[in-house]
Amino acid sequence: MISPVLNYSGVVEEISGETAFQYIARAKELTSRGFNVISFGVGQPDIPTPPHIIEEGKKALDLRFTGYTETEGIRELRESVAEYLNAKYGSDVRPDEVLITMGTKGAAYLAMAAYVRPKDEVIVTDPTYPVYSELPKFLGARPVYVPLKWLGSEEGFALDLNAIHESITKKTRGIAIVNPHNPTGAVFSSKEVEELMDLARDYKLLIFADEIYDNFLYENADFKSFMSFPDWRDHVLYCNGFSKTFSMTGWRLGYLVVRREVAKLLVKLAVNTWSCPPSVAQKAGVTALKGDWTPVREMVKLFDRRRLTLYNELRKVKGFEVWRGRGAFYLFPRVAKLLGSVGLDVEAFVNKLIDEKYVVTLPGTAFPKDFGRDYIRFSYAVDEEKIVEGVKRIRELVEEITAKT
């Protein structure tokens, strides 16, 4: 007889974890054994949280601001988020349309749990950040993958809007879009965003919009926020947070913006999920938004330099087709030619790179479904000297394995 503890829901086996954390664990384990590991795998800034934000958190601790807060978040922070979005995107968000969440994943969870029903379909890009393909599965729905278009190393990635249109059925509940895009580093243009919004209007769909990287833009990228549309309340569930812009990944602080009538209802879902967001982090979040943005601007400039350094170094690697990206802090080079010439799949190559050269990257297949099998994701939240050394090791491995074929 099967143990009751082993008789768990099948959805636990169906959903995938976030592979990035597995590779991060491998990097830490190798480092603990004394190996000189260079990791391009981590999707978080390597710059510490700015001092003035940390000080506000410490002040909150000193004032014993350590109890439960309102489930929807403290009023001061919700006002700050609304003011920030309105100033940045010309929106008209009210504080009671903001829910402070446990990270941006918490915002995504609230949004999808409230709307996605069993047997629904949610259109996602392939590749995509895994939470947007896995949450629908958890909710009994089906992710419908629409591959991005690879336009080559000069133009990069674009949405296939015709394919998205053709994927809409009577079961389609909405479209999940991460812009700027993880893992490719693409910034989908204002025209692409406007066409997505037109599809939402025409077919009465939702847009699950994740703009967590909206401050990481390079080369005057053409970025348009879904919060800039006058009718956002009819279609948009907007997810964002503090993790990337303010290097606050461990503070677990995000927010969902949704029309007021729905926000009131989602408080009930939030209170039964996490009670309230972290109290200390919320106080720090107010200072992050209202305080000095100089550290943010300096970090983005630094990442821009690293982006170009990584791009230029990867171009020297045989079999790598590299586009330099215009947003977030990732490059997603195409390695199909290399893999085909040496008879390896992308997971085998990435593991070989870790085992033999102690360089951590992520296989494109960590961002399901099929598109990523020809790609590797690099995070350039890494010191420039390490970028140069890491790519040198990659080049060495490629030369070694191609010499054997």
# chains A, B, ... in the order shown; residues from 1 in each chain; ligands from 1

$ residues_around --residues "A:Glu83" --least-positions-apart "2" --cutoff "12 Å" --atoms "only C-alpha atoms" --output "list of chain:residue names"
A:Glu76, A:Leu77, A:Arg78, A:Glu79, A:Ser80, A:Val81, A:Leu85, A:Asn86, A:Ala87, A:Lys88, A:Tyr89, A:Gly90, A:Ser91, A:Asp92, A:Val93, A:Arg94, A:Pro95, A:Glu97, A:Val98, A:Val286, A:Leu289, A:Lys290

$ residues_around --residues "A:Pro183" --least-positions-apart "4" --cutoff "8 Å" --atoms "only C-alpha atoms" --output "VMD selection string"
chain A and resid 127 to 129 330 to 332 367 377

$ write_last_selection --atoms "C-alpha atoms" --output "short mmCIF file (atom, residue, chain, number, x, y, z; two decimals), in the first residue's frame"
data_model
loop_
_atom_site.label_atom_id
_atom_site.label_comp_id
_atom_site.auth_asym_id
_atom_site.auth_seq_id
_atom_site.Cartn_x
_atom_site.Cartn_y
_atom_site.Cartn_z
CA PRO A 127 11.64 31.14 -24.14
CA THR A 128 10.07 32.71 -21.07
CA TYR A 129 10.77 33.23 -17.40
CA TYR A 330 21.41 38.97 -20.02
CA LEU A 331 22.84 37.82 -23.32
CA PHE A 332 21.43 34.75 -25.06
CA PHE A 367 13.48 28.69 -20.02
CA ARG A 377 21.97 32.40 -21.09
#

$ closest_residue --among "A:Arg334, A:Phe349, A:Ala366, A:Ser279" --to "A:Lys59" --atoms "only C-alpha atoms"
A:Ser279

$ residues_around --residues "A:Val122" --least-positions-apart "6" --cutoff "7 Å" --atoms "only C-alpha atoms" --output "list in words"
Pro136, Arg142, Pro143, Val144, Thr172, Arg173, Gly174, Ile175 and Ala176 of chain A

$ select_by_dssp --residues "stretch 212-262 of chain A" --states "strand (DSSP E)" --output "list in words"
Val236, Leu237, Tyr238, Cys239, Asn240, Gly241, Gly254, Tyr255, Leu256 and Val257 of chain A

$ closest_residue --among "A:Glu347, A:Glu356, A:Asp62, A:Asp160" --to "A:Arg393" --atoms "only C-alpha atoms"
A:Glu356

$ closest_residue --among "A:Phe329, A:Tyr132, A:Phe65, A:Trp323" --to "A:Met112" --atoms "only C-alpha atoms"
A:Tyr132

$ residues_around --residues "stretch 296-305 of chain A" --least-positions-apart "3" --cutoff "9 Å" --atoms "only C-alpha atoms" --output "PDB file with C-alpha atoms, in the first residue's frame"
ATOM      1  CA  PRO A  45      22.766  42.313  -9.413  1.00  0.00           C
ATOM      2  CA  ILE A  47      26.043  45.256  -6.408  1.00  0.00           C
ATOM      3  CA  PRO A  50      22.450  50.862  -1.666  1.00  0.00           C
ATOM      4  CA  ASN A 215      15.132  50.415 -15.567  1.00  0.00           C
ATOM      5  CA  PHE A 216      17.749  48.319 -17.380  1.00  0.00           C
ATOM      6  CA  LEU A 217      17.583  49.817 -20.865  1.00  0.00           C
ATOM      7  CA  TYR A 218      20.492  50.453 -23.237  1.00  0.00           C
ATOM      8  CA  GLU A 219      21.107  52.104 -26.609  1.00  0.00           C
ATOM      9  CA  THR A 245      16.381  47.989  -9.789  1.00  0.00           C
ATOM     10  CA  PHE A 246      17.484  48.399  -6.168  1.00  0.00           C
ATOM     11  CA  SER A 247      19.438  45.143  -5.836  1.00  0.00           C
ATOM     12  CA  ASP A 292      18.594  58.954  -4.054  1.00  0.00           C
ATOM     13  CA  TRP A 293      18.538  57.136  -7.406  1.00  0.00           C
ATOM     14  CA  LEU A 308      29.463  45.344 -24.318  1.00  0.00           C
ATOM     15  CA  THR A 309      32.457  43.604 -22.768  1.00  0.00           C
ATOM     16  CA  LEU A 310      30.628  40.274 -22.665  1.00  0.00           C
ATOM     17  CA  ARG A 326      19.168  46.083 -25.214  1.00  0.00           C
ATOM     18  CA  PHE A 329      21.274  42.063 -17.860  1.00  0.00           C
ATOM     19  CA  TYR A 380      26.488  40.020 -16.921  1.00  0.00           C
ATOM     20  CA  ALA A 381      25.948  40.881 -13.274  1.00  0.00           C
ATOM     21  CA  VAL A 382      29.614  39.913 -13.050  1.00  0.00           C
ATOM     22  CA  GLU A 384      34.446  42.751 -16.000  1.00  0.00           C
TER      23      GLU A 384
END

$ residues_around --residues "A:Leu269" --least-positions-apart "4" --cutoff "8 Å" --atoms "only C-alpha atoms" --output "ChimeraX atom specification"
/A:110,265,273

$ residues_around --residues "A:Ala111" --least-positions-apart "5" --cutoff "12 Å" --atoms "only C-alpha atoms" --output "count of residues only"
38

$ residues_around --residues "A:Asn36" --least-positions-apart "2" --cutoff "12 Å" --atoms "only C-alpha atoms" --output "list of chain:residue names"
A:Ala27, A:Lys28, A:Glu29, A:Leu30, A:Thr31, A:Ser32, A:Arg33, A:Gly34, A:Ile38, A:Ser39, A:Ile354, A:Asp355, A:Glu356, A:Lys357, A:Tyr358, A:Val359, A:Val360, A:Lys386, A:Glu389, A:Gly390, A:Arg393

$ closest_residue --among "A:Leu339, A:Glu72, A:Trp150, A:Ile123" --to "A:Leu196" --atoms "only C-alpha atoms"
A:Ile123

$ select_by_dssp --residues "stretch 269-358 of chain A" --states "alpha helix (DSSP H)" --output "PyMOL selection string"
chain A and resi 269-271+279-290+294-314+336-342+346-357

$ atom_distance --atom1 "atom CA of A:Thr69" --atom2 "atom CA of A:Gln282"
9.3 Å

$ atom_distance --atom1 "atom CA of A:Ala25" --atom2 "atom CA of A:Pro278"
25.2 Å

$ closest_residue --among "A:Ser189, A:Thr249, A:Ser153, A:Gln44" --to "A:Ser225" --atoms "only C-alpha atoms"
A:Ser189

$ atom_distance --atom1 "atom CA of A:Asn220" --atom2 "atom CA of A:Tyr311"
17.6 Å
